[in-house]
$ cat my_file_38.cif   # mmCIF, C-alpha atoms and all ligand atoms
data_final
loop_
_atom_site.label_atom_id
_atom_site.label_comp_id
_atom_site.auth_asym_id
_atom_site.auth_seq_id
_atom_site.Cartn_x
_atom_site.Cartn_y
_atom_site.Cartn_z
CA MET A 1 94.42 126.61 97.44
CA LYS A 2 97.22 124.88 99.29
CA LYS A 3 97.28 121.12 99.09
CA PRO A 4 96.57 119.22 102.31
CA ILE A 5 99.70 117.96 104.06
CA VAL A 6 100.07 114.20 104.41
CA PHE A 7 102.71 112.52 106.57
CA SER A 8 103.44 108.84 106.68
CA GLY A 9 106.29 106.71 107.88
CA ALA A 10 107.43 103.12 107.94
CA GLN A 11 110.05 101.39 110.04
CA PRO A 12 113.11 99.86 108.39
CA THR A 13 112.50 96.48 109.92
CA GLY A 14 112.18 93.51 107.63
CA GLN A 15 111.02 93.46 104.07
CA LEU A 16 107.67 94.69 102.81
CA THR A 17 105.01 92.44 101.33
CA LEU A 18 102.67 92.70 98.39
CA GLY A 19 100.03 93.53 101.01
CA ASN A 20 102.10 96.51 102.21
CA TYR A 21 102.47 97.67 98.63
CA LEU A 22 98.81 97.42 97.66
CA GLY A 23 97.52 98.58 101.03
CA ALA A 24 99.92 101.41 101.79
CA LEU A 25 102.69 102.30 99.37
CA ARG A 26 100.61 102.27 96.23
CA GLN A 27 98.06 104.52 97.91
CA TRP A 28 100.80 106.86 99.10
CA THR A 29 102.07 107.26 95.56
CA ALA A 30 98.56 107.93 94.28
CA MET A 31 98.13 110.72 96.83
CA GLN A 32 101.10 112.66 95.53
CA ALA A 33 99.07 114.28 92.77
CA ASP A 34 96.77 116.28 95.03
CA HIS A 35 98.52 116.32 98.43
CA ASP A 36 101.70 117.79 99.84
CA CYS A 37 103.19 114.46 100.90
CA ILE A 38 106.00 113.78 103.35
CA PHE A 39 107.33 110.22 103.54
CA CYS A 40 109.77 109.21 106.21
CA VAL A 41 111.90 106.16 106.98
CA VAL A 42 111.46 106.18 110.75
CA ASP A 43 114.79 104.72 111.80
CA LEU A 44 114.67 106.22 115.30
CA HIS A 45 111.49 104.30 116.01
CA ALA A 46 113.18 101.07 115.01
CA LEU A 47 115.79 101.51 117.73
CA THR A 48 113.21 100.55 120.33
CA VAL A 49 114.24 97.00 119.51
CA ARG A 50 117.90 95.99 119.25
CA GLN A 51 119.38 96.37 115.78
CA ASP A 52 122.65 95.10 114.39
CA PRO A 53 124.36 98.36 113.25
CA VAL A 54 125.73 96.97 110.00
CA LEU A 55 122.46 95.36 108.93
CA PHE A 56 120.42 98.30 110.20
CA ARG A 57 122.22 100.82 107.98
CA GLU A 58 121.51 98.65 104.92
CA ARG A 59 117.87 98.22 105.87
CA ILE A 60 117.36 101.96 106.24
CA LEU A 61 118.74 102.57 102.76
CA ASP A 62 116.80 99.60 101.39
CA LEU A 63 113.53 101.05 102.62
CA ALA A 64 114.29 104.49 101.25
CA ALA A 65 115.16 102.94 97.87
CA LEU A 66 112.00 100.87 97.99
CA PHE A 67 109.85 103.96 98.63
CA LEU A 68 111.37 105.53 95.55
CA ALA A 69 111.12 102.37 93.47
CA CYS A 70 107.43 102.09 94.34
CA GLY A 71 106.82 105.50 92.81
CA ILE A 72 107.41 108.11 95.48
CA ASP A 73 108.65 110.99 93.42
CA PRO A 74 111.15 113.34 95.09
CA GLU A 75 110.08 116.09 92.67
CA LYS A 76 106.55 115.96 94.06
CA SER A 77 107.03 114.78 97.64
CA THR A 78 109.46 115.09 100.50
CA ILE A 79 111.19 111.80 101.23
CA PHE A 80 113.83 111.51 103.93
CA ILE A 81 115.30 109.56 106.82
CA GLN A 82 114.01 110.52 110.26
CA SER A 83 117.41 110.63 111.97
CA HIS A 84 118.61 113.19 109.38
CA VAL A 85 116.20 115.73 110.84
CA PRO A 86 117.05 116.28 114.52
CA ALA A 87 113.85 118.23 115.17
CA HIS A 88 111.93 114.93 115.39
CA ALA A 89 113.80 113.93 118.55
CA GLU A 90 113.75 117.50 119.82
CA LEU A 91 110.00 117.92 119.49
CA ALA A 92 109.45 114.44 120.96
CA TRP A 93 111.09 115.64 124.18
CA LEU A 94 108.90 118.72 124.35
CA LEU A 95 105.75 116.71 123.63
CA SER A 96 106.65 114.11 126.25
CA THR A 97 105.94 116.81 128.83
CA PHE A 98 102.42 117.06 127.41
CA THR A 99 101.80 113.31 127.42
CA MET A 100 100.56 111.51 130.51
CA MET A 101 102.02 108.25 131.78
CA GLY A 102 98.52 106.82 131.93
CA GLU A 103 97.92 107.58 128.26
CA LEU A 104 101.06 105.74 127.20
CA ASP A 105 100.30 102.89 129.55
CA ARG A 106 97.02 102.29 127.75
CA MET A 107 98.60 101.78 124.33
CA THR A 108 97.85 98.26 123.23
CA GLN A 109 100.96 98.07 121.04
CA PHE A 110 103.13 98.87 124.07
CA LYS A 111 101.45 96.16 126.08
CA ASP A 112 101.92 93.65 123.25
CA LYS A 113 105.56 94.58 122.70
CA ALA A 114 106.35 94.62 126.40
CA ARG A 115 105.14 91.06 126.44
CA SER A 116 106.94 89.92 123.27
CA HIS A 117 110.21 91.75 124.14
CA ALA A 118 110.11 91.10 127.88
CA GLN A 119 113.92 91.18 128.11
CA ASN A 120 114.12 94.74 126.69
CA VAL A 121 111.21 96.87 127.82
CA ASN A 122 113.11 100.13 127.41
CA ALA A 123 111.71 103.61 127.99
CA GLY A 124 111.79 104.27 124.24
CA LEU A 125 109.29 101.49 123.70
CA PHE A 126 107.02 103.29 126.15
CA THR A 127 107.47 106.77 124.66
CA TYR A 128 107.37 105.53 121.05
CA PRO A 129 103.95 107.16 120.41
CA VAL A 130 105.35 110.54 121.50
CA LEU A 131 108.01 110.35 118.80
CA MET A 132 105.30 109.43 116.33
CA ALA A 133 103.26 112.45 117.45
CA ALA A 134 106.34 114.61 116.90
CA ASP A 135 106.78 113.21 113.36
CA ILE A 136 103.24 114.16 112.51
CA LEU A 137 102.83 117.46 114.34
CA LEU A 138 106.17 118.85 113.17
CA TYR A 139 104.84 119.42 109.66
CA GLY A 140 101.36 120.75 110.32
CA THR A 141 100.06 117.47 108.94
CA HIS A 142 96.38 117.35 108.01
CA LYS A 143 96.04 113.68 107.16
CA VAL A 144 97.88 110.54 108.18
CA PRO A 145 97.32 107.31 106.23
CA VAL A 146 97.38 104.60 108.85
CA GLY A 147 96.54 100.97 109.20
CA GLU A 148 94.28 99.65 111.91
CA ASP A 149 97.23 98.97 114.26
CA GLN A 150 98.32 102.63 114.34
CA LYS A 151 94.93 104.25 114.95
CA GLN A 152 95.40 104.40 118.70
CA HIS A 153 98.77 106.12 118.28
CA LEU A 154 97.24 108.69 115.96
CA GLU A 155 94.46 109.32 118.46
CA LEU A 156 97.13 110.06 121.06
CA SER A 157 98.84 112.50 118.66
CA ARG A 158 95.54 114.34 118.35
CA ASP A 159 95.06 114.45 122.13
CA VAL A 160 98.57 115.83 122.65
CA ALA A 161 98.04 118.49 119.96
CA VAL A 162 94.74 119.55 121.47
CA ARG A 163 96.25 119.69 124.97
CA PHE A 164 99.21 121.78 123.82
CA ASN A 165 97.00 124.14 121.83
CA GLY A 166 94.66 124.53 124.78
CA LEU A 167 97.52 125.66 127.00
CA HIS A 168 99.67 127.62 124.54
CA GLY A 169 97.51 128.68 121.63
CA PRO A 170 96.82 127.18 118.21
CA VAL A 171 100.31 125.97 117.26
CA PHE A 172 99.56 122.48 116.00
CA VAL A 173 97.21 121.21 113.32
CA VAL A 174 95.13 118.37 114.76
CA PRO A 175 95.69 115.54 112.27
CA GLU A 176 92.96 113.34 110.85
CA PRO A 177 93.40 109.64 110.16
CA LEU A 178 93.09 108.65 106.54
CA VAL A 179 91.62 105.23 106.78
CA THR A 180 92.81 103.47 103.71
CA GLY A 181 90.07 100.95 103.12
CA GLY A 182 90.75 97.73 101.31
CA GLY A 183 94.30 97.11 100.23
CA ALA A 184 96.41 95.54 102.96
CA ALA A 185 93.33 94.78 104.94
CA ARG A 186 92.15 92.78 101.96
CA ILE A 187 95.30 90.97 100.92
CA LYS A 188 95.44 87.72 102.85
CA ASP A 189 98.07 85.14 103.72
CA LEU A 190 98.44 82.66 100.83
CA GLN A 191 98.57 79.68 103.17
CA GLU A 192 95.97 80.79 105.72
CA PRO A 193 93.69 83.04 103.70
CA THR A 194 91.55 84.09 106.64
CA LYS A 195 94.54 86.01 108.08
CA LYS A 196 96.03 89.25 106.79
CA MET A 197 99.26 88.83 104.79
CA SER A 198 101.90 89.78 107.37
CA LYS A 199 105.58 90.48 106.83
CA THR A 200 106.28 88.57 110.02
CA ALA A 201 104.47 85.39 108.93
CA GLU A 202 106.79 82.45 109.48
CA ALA A 203 106.02 80.45 106.37
CA ASP A 204 107.82 81.68 103.30
CA LEU A 205 104.97 80.51 101.07
CA ALA A 206 102.48 82.61 103.03
CA LYS A 207 103.64 86.00 101.83
CA VAL A 208 104.85 87.62 98.64
CA MET A 209 107.59 90.17 99.20
CA ILE A 210 107.77 93.23 96.95
CA LEU A 211 111.32 92.29 95.97
CA ASP A 212 110.70 88.56 95.38
CA GLU A 213 112.13 87.07 92.19
CA PRO A 214 109.54 86.13 89.53
CA THR A 215 110.19 82.39 89.96
CA ALA A 216 109.57 82.66 93.70
CA ILE A 217 106.37 84.62 93.14
CA LEU A 218 105.00 82.07 90.69
CA LYS A 219 105.85 79.22 93.05
CA LYS A 220 104.04 80.89 95.96
CA PHE A 221 100.89 81.43 93.91
CA LYS A 222 100.95 77.89 92.53
CA LYS A 223 101.03 76.61 96.12
CA ALA A 224 98.38 79.02 97.41
CA VAL A 225 95.71 77.34 99.52
CA THR A 226 92.24 77.22 97.92
CA ASP A 227 89.42 74.74 98.58
CA GLY A 228 87.72 71.69 97.10
CA LEU A 229 84.60 73.37 95.78
CA GLY A 230 85.81 73.77 92.20
CA VAL A 231 84.02 77.04 91.44
CA ILE A 232 85.43 80.53 91.16
CA GLN A 233 82.98 82.85 92.84
CA ASP A 234 82.96 85.77 95.24
CA ASP A 235 82.21 83.81 98.41
CA GLU A 236 84.57 85.03 101.12
CA THR A 237 83.07 82.86 103.87
CA ASN A 238 83.40 79.52 102.14
CA GLN A 239 86.24 80.30 99.70
CA PRO A 240 88.64 82.76 101.34
CA GLY A 241 91.60 81.47 99.32
CA VAL A 242 89.88 81.86 95.96
CA VAL A 243 88.55 85.31 96.84
CA ASN A 244 92.02 86.40 97.96
CA LEU A 245 93.45 85.36 94.58
CA LEU A 246 90.65 87.18 92.79
CA ASN A 247 91.33 90.30 94.85
CA ILE A 248 95.06 90.17 94.17
CA TRP A 249 94.51 89.65 90.43
CA ARG A 250 92.08 92.56 90.40
CA ALA A 251 94.41 94.83 92.33
CA ALA A 252 97.26 94.01 89.97
CA LYS A 253 95.12 94.46 86.85
CA GLY A 254 92.94 97.34 88.03
CA ALA A 255 89.83 95.25 87.38
CA THR A 256 86.46 94.97 89.11
CA MET A 257 85.16 91.81 90.75
CA GLU A 258 82.65 91.39 87.91
CA GLU A 259 85.46 91.51 85.38
CA ALA A 260 87.49 89.02 87.39
CA LEU A 261 84.59 86.58 87.66
CA ALA A 262 83.93 86.84 83.93
CA HIS A 263 87.61 86.29 83.17
CA PHE A 264 87.79 83.20 85.38
CA SER A 265 84.39 81.73 84.55
CA HIS A 266 86.22 78.54 83.47
CA ASN A 267 86.46 77.70 87.20
CA GLN A 268 89.99 76.34 86.89
CA TYR A 269 91.98 76.99 90.05
CA GLY A 270 95.28 76.19 88.33
CA ARG A 271 94.78 78.97 85.81
CA LEU A 272 93.60 81.39 88.49
CA LYS A 273 96.79 80.77 90.47
CA VAL A 274 99.16 81.07 87.53
CA GLU A 275 97.50 84.16 86.07
CA THR A 276 97.45 85.86 89.45
CA GLY A 277 101.14 85.06 89.87
CA GLU A 278 101.88 86.45 86.42
CA ALA A 279 99.91 89.62 87.08
CA VAL A 280 101.83 90.19 90.31
CA ILE A 281 105.16 89.56 88.57
CA ALA A 282 104.29 92.19 85.96
CA LEU A 283 103.29 94.61 88.73
CA LEU A 284 106.41 94.13 90.84
CA GLU A 285 109.08 93.66 88.18
CA PRO A 286 109.61 97.38 87.41
CA ILE A 287 109.80 98.08 91.14
CA ARG A 288 112.45 95.44 91.68
CA ASN A 289 114.46 96.73 88.72
CA ARG A 290 114.33 100.32 89.91
CA PHE A 291 115.25 99.22 93.43
CA THR A 292 118.32 97.37 92.16
CA GLU A 293 119.34 100.40 90.12
CA LEU A 294 119.04 102.76 93.10
CA ARG A 295 120.88 100.44 95.45
CA SER A 296 123.76 100.11 93.03
CA ASP A 297 124.16 103.89 92.78
CA PRO A 298 124.78 105.10 96.35
CA ALA A 299 125.50 108.65 95.18
CA GLU A 300 122.12 109.04 93.52
CA LEU A 301 120.24 107.66 96.52
CA GLU A 302 122.22 109.75 98.97
CA GLY A 303 121.62 112.88 96.91
CA ILE A 304 117.87 112.34 96.87
CA LEU A 305 117.79 111.70 100.62
CA ALA A 306 119.98 114.70 101.40
CA ARG A 307 117.70 116.99 99.40
CA GLY A 308 114.68 115.49 101.12
CA ALA A 309 116.26 116.03 104.54
CA ASP A 310 117.03 119.65 103.65
CA GLN A 311 113.44 120.31 102.67
CA ALA A 312 112.14 118.58 105.79
CA MET A 313 114.59 120.41 108.04
CA VAL A 314 113.53 123.82 106.81
CA ARG A 315 109.86 123.01 107.35
CA ALA A 316 110.53 121.43 110.73
CA GLU A 317 112.52 124.40 111.95
CA ALA A 318 109.65 126.77 111.15
CA MET A 319 107.40 124.70 113.41
CA MET A 320 110.10 124.34 116.09
CA GLN A 321 110.40 128.10 116.31
CA ARG A 322 106.67 128.46 116.87
CA VAL A 323 106.68 125.74 119.52
CA LEU A 324 109.72 127.12 121.35
CA THR A 325 108.24 130.61 121.30
CA ALA A 326 104.89 129.38 122.58
CA LEU A 327 106.67 127.64 125.48
CA GLY A 328 108.81 130.67 126.36
CA LEU A 329 112.12 129.14 125.26
CA PRO A 330 114.39 131.84 123.80
CA LEU A 331 115.03 131.84 120.06
CA ASN A 332 117.78 134.43 120.41
CA GLY A 333 121.06 132.62 119.99
CA ARG A 334 119.46 129.48 118.49
CA ARG A 335 121.67 128.37 115.64
CA PHE A 336 119.86 126.54 112.90
CA VAL A 337 122.15 125.01 110.35
CA SER A 338 120.36 124.15 107.14
CA GLN A 339 122.32 123.10 104.13
CA ALA A 340 119.39 123.79 101.86
CA GLY A 341 120.57 124.53 98.36
CA ARG A 342 123.55 122.21 98.67
CA SER A 343 122.42 120.05 95.76
N1 LIG A 401 104.43 103.61 114.08
C1 LIG A 401 104.31 103.42 112.66
C2 LIG A 401 104.36 101.93 112.32
O1 LIG A 401 105.00 101.16 113.02
C3 LIG A 401 105.42 104.12 111.91
C4 LIG A 401 105.36 105.59 112.10
C5 LIG A 401 106.20 106.36 112.83
C6 LIG A 401 104.39 106.46 111.53
N2 LIG A 401 105.86 107.66 112.74
C7 LIG A 401 104.76 107.77 111.96
C8 LIG A 401 103.27 106.27 110.69
C9 LIG A 401 104.00 108.87 111.60
C10 LIG A 401 102.51 107.39 110.34
C11 LIG A 401 102.88 108.67 110.79
O2 LIG A 401 103.76 101.54 111.35
#
$ encode --input "my_file_38.cif" --output "structure tokens" --more "lines below"
Ligand code: TRP
Amino acid sequence: MKKPIVFSGAQPTGQLTLGNYLGALRQWTAMQADHDCIFCVVDLHALTVRQDPVLFRERILDLAALFLACGIDPEKSTIFIQSHVPAHAELAWLLSTFTMMGELDRMTQFKDKARSHAQNVNAGLFTYPVLMAADILLYGTHKVPVGEDQKQHLELSRDVAVRFNGLHGPVFVVPEPLVTGGGAARIKDLQEPTKKMSKTAEADLAKVMILDEPTAILKKFKKAVTDGLGVIQDDETNQPGVVNLLNIWRAAKGATMEEALAHFSHNQYGRLKVETGEAVIALLEPIRNRFTELRSDPAELEGILARGADQAMVRAEAMMQRVLTALGLPLNGRRFVSQAGRS
């Protein structure tokens, strides 16, 4: 039995939070055991907003290193940078001819971004979901772990795949969303615990970044907003701050809510905050150390990413040939340069 293929990507924009780790990255790493996973730093997507070239290059490598530091294992999974595999852009063009203007116009993320980046509503922002469809469809992906905000884009990928297959035969696998319950959805802002912890939150105290120093982490938890009730119980409606801390402690410790409530039956908020901070420090410290190691050894990181790109390129080319053939584009004379085996 072949393992199901999973594809996921993240943009190299800004740093990732504890919420991103618990809600996405940690689940990605857990999937590696029984799935054929492909993880991609989607740098081409990030170009839909202006990037400073010097900073951008560092951010792309930072995110790749962070994927690895969080436990993505290049021996088990394929990890690479999107712009290293030209077939993503190539397939995006082909798929754009199977995507309707009206479909793209309905995307809520486009409408939001067109509003928040009114001075730069470029065509790439509009066709962004087509590139995402290409990412996914290029690998015969069965499952895509996505957050709530990307569900509409995944739905479009499915529609495009179905439309293409209907016209040209069963070339694409129609991908299923893998709704990753809990996790990021559950981890809330430390200052406004009714809101999701967001990497774009303005207040520094609101969010814990994966790469935060231990002293910063402890400080943020000590200042976390709770309430005046003075009891530690699982009452989300009246005590969102306390429940958020309980959930974070549990996620870090791998404990159930019952275990957490028993552990904190002393009802002391101060101890809840400090122990949650300490649990998070213990969880993130090895990641930060591994990240620092990888970022100080450019040759190692580059080698891993080059091997990942080779693997991805070979797989992508197999799909490209099927797509080109289905469309009537000639393969004769197509030169495909793979450096597979270079390592
Ligand atoms: N659009 C996604 C985001 O902003 C990133 C992304 C690009 C992606 N291509 C993908 C996610 C393919 C899953 C699969 O979060």
$ atom_distance --input "my_file_38.cif" --atom1 "CA of Asn165 in chain A" --atom2 "CA of His88 in chain A"
18.7 Å
$ closest_residue --input "my_file_38.cif" --among "A:Asn247, A:Asn20, A:Gln311, A:Thr215" --to "Ile81 in chain A" --atoms "all atoms listed in the file"
A:Gln311
$ residues_near_ligand --input "my_file_38.cif" --ligand "ligand LIG 401 (chain A)" --cutoff "6 Å" --atoms "all atoms listed in the file" --output "PyMOL selection string"
chain A and resi 7-11+42+132+135-136+144
$ atom_distance --input "my_file_38.cif" --atom1 "CA of Pro240 in chain A" --atom2 "CA of Asp189 in chain A"
10.0 Å
$ closest_residue --input "my_file_38.cif" --among "A:Pro74, A:Gly147, A:Gly124, A:Gly19" --to "Cys40 in chain A" --atoms "all atoms listed in the file"
A:Pro74
$ residues_around --input "my_file_38.cif" --residues "Gly102 in chain A" --least-positions-apart "6" --cutoff "12 Å" --atoms "all atoms listed in the file" --output "number ranges by chain"
A: 126-127, 156
$ closest_residue --input "my_file_38.cif" --among "A:Phe291, A:Tyr128, A:Phe336, A:Tyr139" --to "Leu63 in chain A" --atoms "all atoms listed in the file"
A:Phe291
$ residues_around --input "my_file_38.cif" --residues "Val243 in chain A" --least-positions-apart "4" --cutoff "9 Å" --atoms "all atoms listed in the file" --output "ChimeraX atom specification"
/A:193,226,232-236,239,247-248
$ atom_distance --input "my_file_38.cif" --atom1 "CA of His117 in chain A" --atom2 "CA of Ala46 in chain A"
13.4 Å
$ residues_around --input "my_file_38.cif" --residues "Gly14 in chain A" --least-positions-apart "6" --cutoff "12 Å" --atoms "all atoms listed in the file" --output "list in words"
Asn20, Ala46, Gln51, Leu55, Phe56, Glu58, Arg59, Ile60, Asp62, Leu63, Ser198, Lys199, Thr200, Ala201, Met209, Ile210 and Leu211 of chain A
$ decode --input "my_file_38.cif" --residues "range 308-342 of chain A" --atoms "N, CA and C atoms" --output "CSV table (one decimal), in the first residue's frame"
chain,number,residue,atom,x,y,z
A,308,GLY,N,16.0,18.2,-1.6
A,308,GLY,CA,14.6,18.2,-1.6
A,308,GLY,C,14.1,18.7,-2.9
A,309,ALA,N,14.7,19.8,-3.5
A,309,ALA,CA,14.3,20.3,-4.8
A,309,ALA,C,14.4,19.3,-5.9
A,310,ASP,N,15.5,18.5,-5.8
A,310,ASP,CA,15.7,17.5,-6.8
A,310,ASP,C,14.6,16.4,-6.8
A,311,GLN,N,14.3,16.0,-5.6
A,311,GLN,CA,13.2,15.0,-5.4
A,311,GLN,C,11.9,15.6,-6.0
A,312,ALA,N,11.6,16.8,-5.6
A,312,ALA,CA,10.3,17.5,-6.0
A,312,ALA,C,10.3,17.7,-7.5
A,313,MET,N,11.4,18.0,-8.1
A,313,MET,CA,11.5,18.3,-9.5
A,313,MET,C,11.2,17.1,-10.3
A,314,VAL,N,11.7,15.9,-9.9
A,314,VAL,CA,11.5,14.7,-10.6
A,314,VAL,C,10.0,14.3,-10.5
A,315,ARG,N,9.4,14.5,-9.4
A,315,ARG,CA,8.0,14.1,-9.2
A,315,ARG,C,7.2,15.1,-10.1
A,316,ALA,N,7.5,16.4,-10.0
A,316,ALA,CA,6.8,17.4,-10.7
A,316,ALA,C,6.8,17.2,-12.2
A,317,GLU,N,8.0,16.8,-12.7
A,317,GLU,CA,8.1,16.7,-14.1
A,317,GLU,C,7.3,15.5,-14.6
A,318,ALA,N,7.1,14.5,-13.8
A,318,ALA,CA,6.3,13.3,-14.2
A,318,ALA,C,4.8,13.8,-14.4
A,319,MET,N,4.4,14.7,-13.5
A,319,MET,CA,3.0,15.2,-13.7
A,319,MET,C,3.0,16.2,-14.8
A,320,MET,N,4.0,17.0,-15.0
A,320,MET,CA,4.0,18.0,-16.1
A,320,MET,C,3.8,17.3,-17.4
A,321,GLN,N,4.5,16.2,-17.6
A,321,GLN,CA,4.5,15.4,-18.9
A,321,GLN,C,3.1,14.9,-19.1
A,322,ARG,N,2.4,14.5,-18.1
A,322,ARG,CA,1.0,14.0,-18.3
A,322,ARG,C,0.1,15.2,-18.7
A,323,VAL,N,0.3,16.3,-18.0
A,323,VAL,CA,-0.5,17.5,-18.3
A,323,VAL,C,-0.3,18.0,-19.7
A,324,LEU,N,0.9,18.1,-20.1
A,324,LEU,CA,1.3,18.6,-21.4
A,324,LEU,C,0.7,17.7,-22.5
A,325,THR,N,0.9,16.4,-22.2
A,325,THR,CA,0.4,15.4,-23.2
A,325,THR,C,-1.2,15.5,-23.3
A,326,ALA,N,-1.8,15.6,-22.2
A,326,ALA,CA,-3.3,15.7,-22.2
A,326,ALA,C,-3.8,17.0,-22.9
A,327,LEU,N,-3.0,18.0,-22.9
A,327,LEU,CA,-3.4,19.3,-23.6
A,327,LEU,C,-2.9,19.3,-25.0
A,328,GLY,N,-2.1,18.4,-25.5
A,328,GLY,CA,-1.7,18.4,-26.8
A,328,GLY,C,-0.4,19.2,-27.1
A,329,LEU,N,0.3,19.5,-26.0
A,329,LEU,CA,1.6,20.2,-26.1
A,329,LEU,C,2.7,19.1,-26.4
A,330,PRO,N,3.6,19.4,-27.3
A,330,PRO,CA,4.5,18.3,-27.7
A,330,PRO,C,5.6,18.1,-26.6
A,331,LEU,N,5.8,16.8,-26.3
A,331,LEU,CA,6.9,16.5,-25.4
A,331,LEU,C,8.3,16.4,-26.1
A,332,ASN,N,8.2,16.0,-27.4
A,332,ASN,CA,9.4,15.9,-28.2
A,332,ASN,C,10.2,17.2,-28.1
A,333,GLY,N,11.4,17.1,-27.8
A,333,GLY,CA,12.2,18.3,-27.7
A,333,GLY,C,12.2,19.0,-26.4
A,334,ARG,N,11.3,18.6,-25.5
A,334,ARG,CA,11.3,19.2,-24.1
A,334,ARG,C,12.6,18.7,-23.4
A,335,ARG,N,13.3,19.7,-22.9
A,335,ARG,CA,14.5,19.3,-22.2
A,335,ARG,C,14.2,19.5,-20.7
A,336,PHE,N,14.4,18.4,-20.0
A,336,PHE,CA,14.2,18.5,-18.5
A,336,PHE,C,15.5,18.2,-17.9
A,337,VAL,N,16.0,19.2,-17.2
A,337,VAL,CA,17.3,19.1,-16.5
A,337,VAL,C,17.1,18.9,-15.1
A,338,SER,N,17.3,17.6,-14.7
A,338,SER,CA,17.3,17.3,-13.2
A,338,SER,C,18.7,17.0,-12.8
A,339,GLN,N,19.0,17.5,-11.6
A,339,GLN,CA,20.4,17.2,-11.1
A,339,GLN,C,20.3,16.2,-10.1
A,340,ALA,N,19.2,15.4,-10.1
A,340,ALA,CA,19.0,14.3,-9.1
A,340,ALA,C,20.3,13.5,-9.0
A,341,GLY,N,20.7,13.2,-7.8
A,341,GLY,CA,21.9,12.4,-7.6
A,341,GLY,C,23.1,13.2,-7.4
A,342,ARG,N,22.9,14.5,-7.4
A,342,ARG,CA,24.1,15.4,-7.2
A,342,ARG,C,24.7,15.3,-5.9
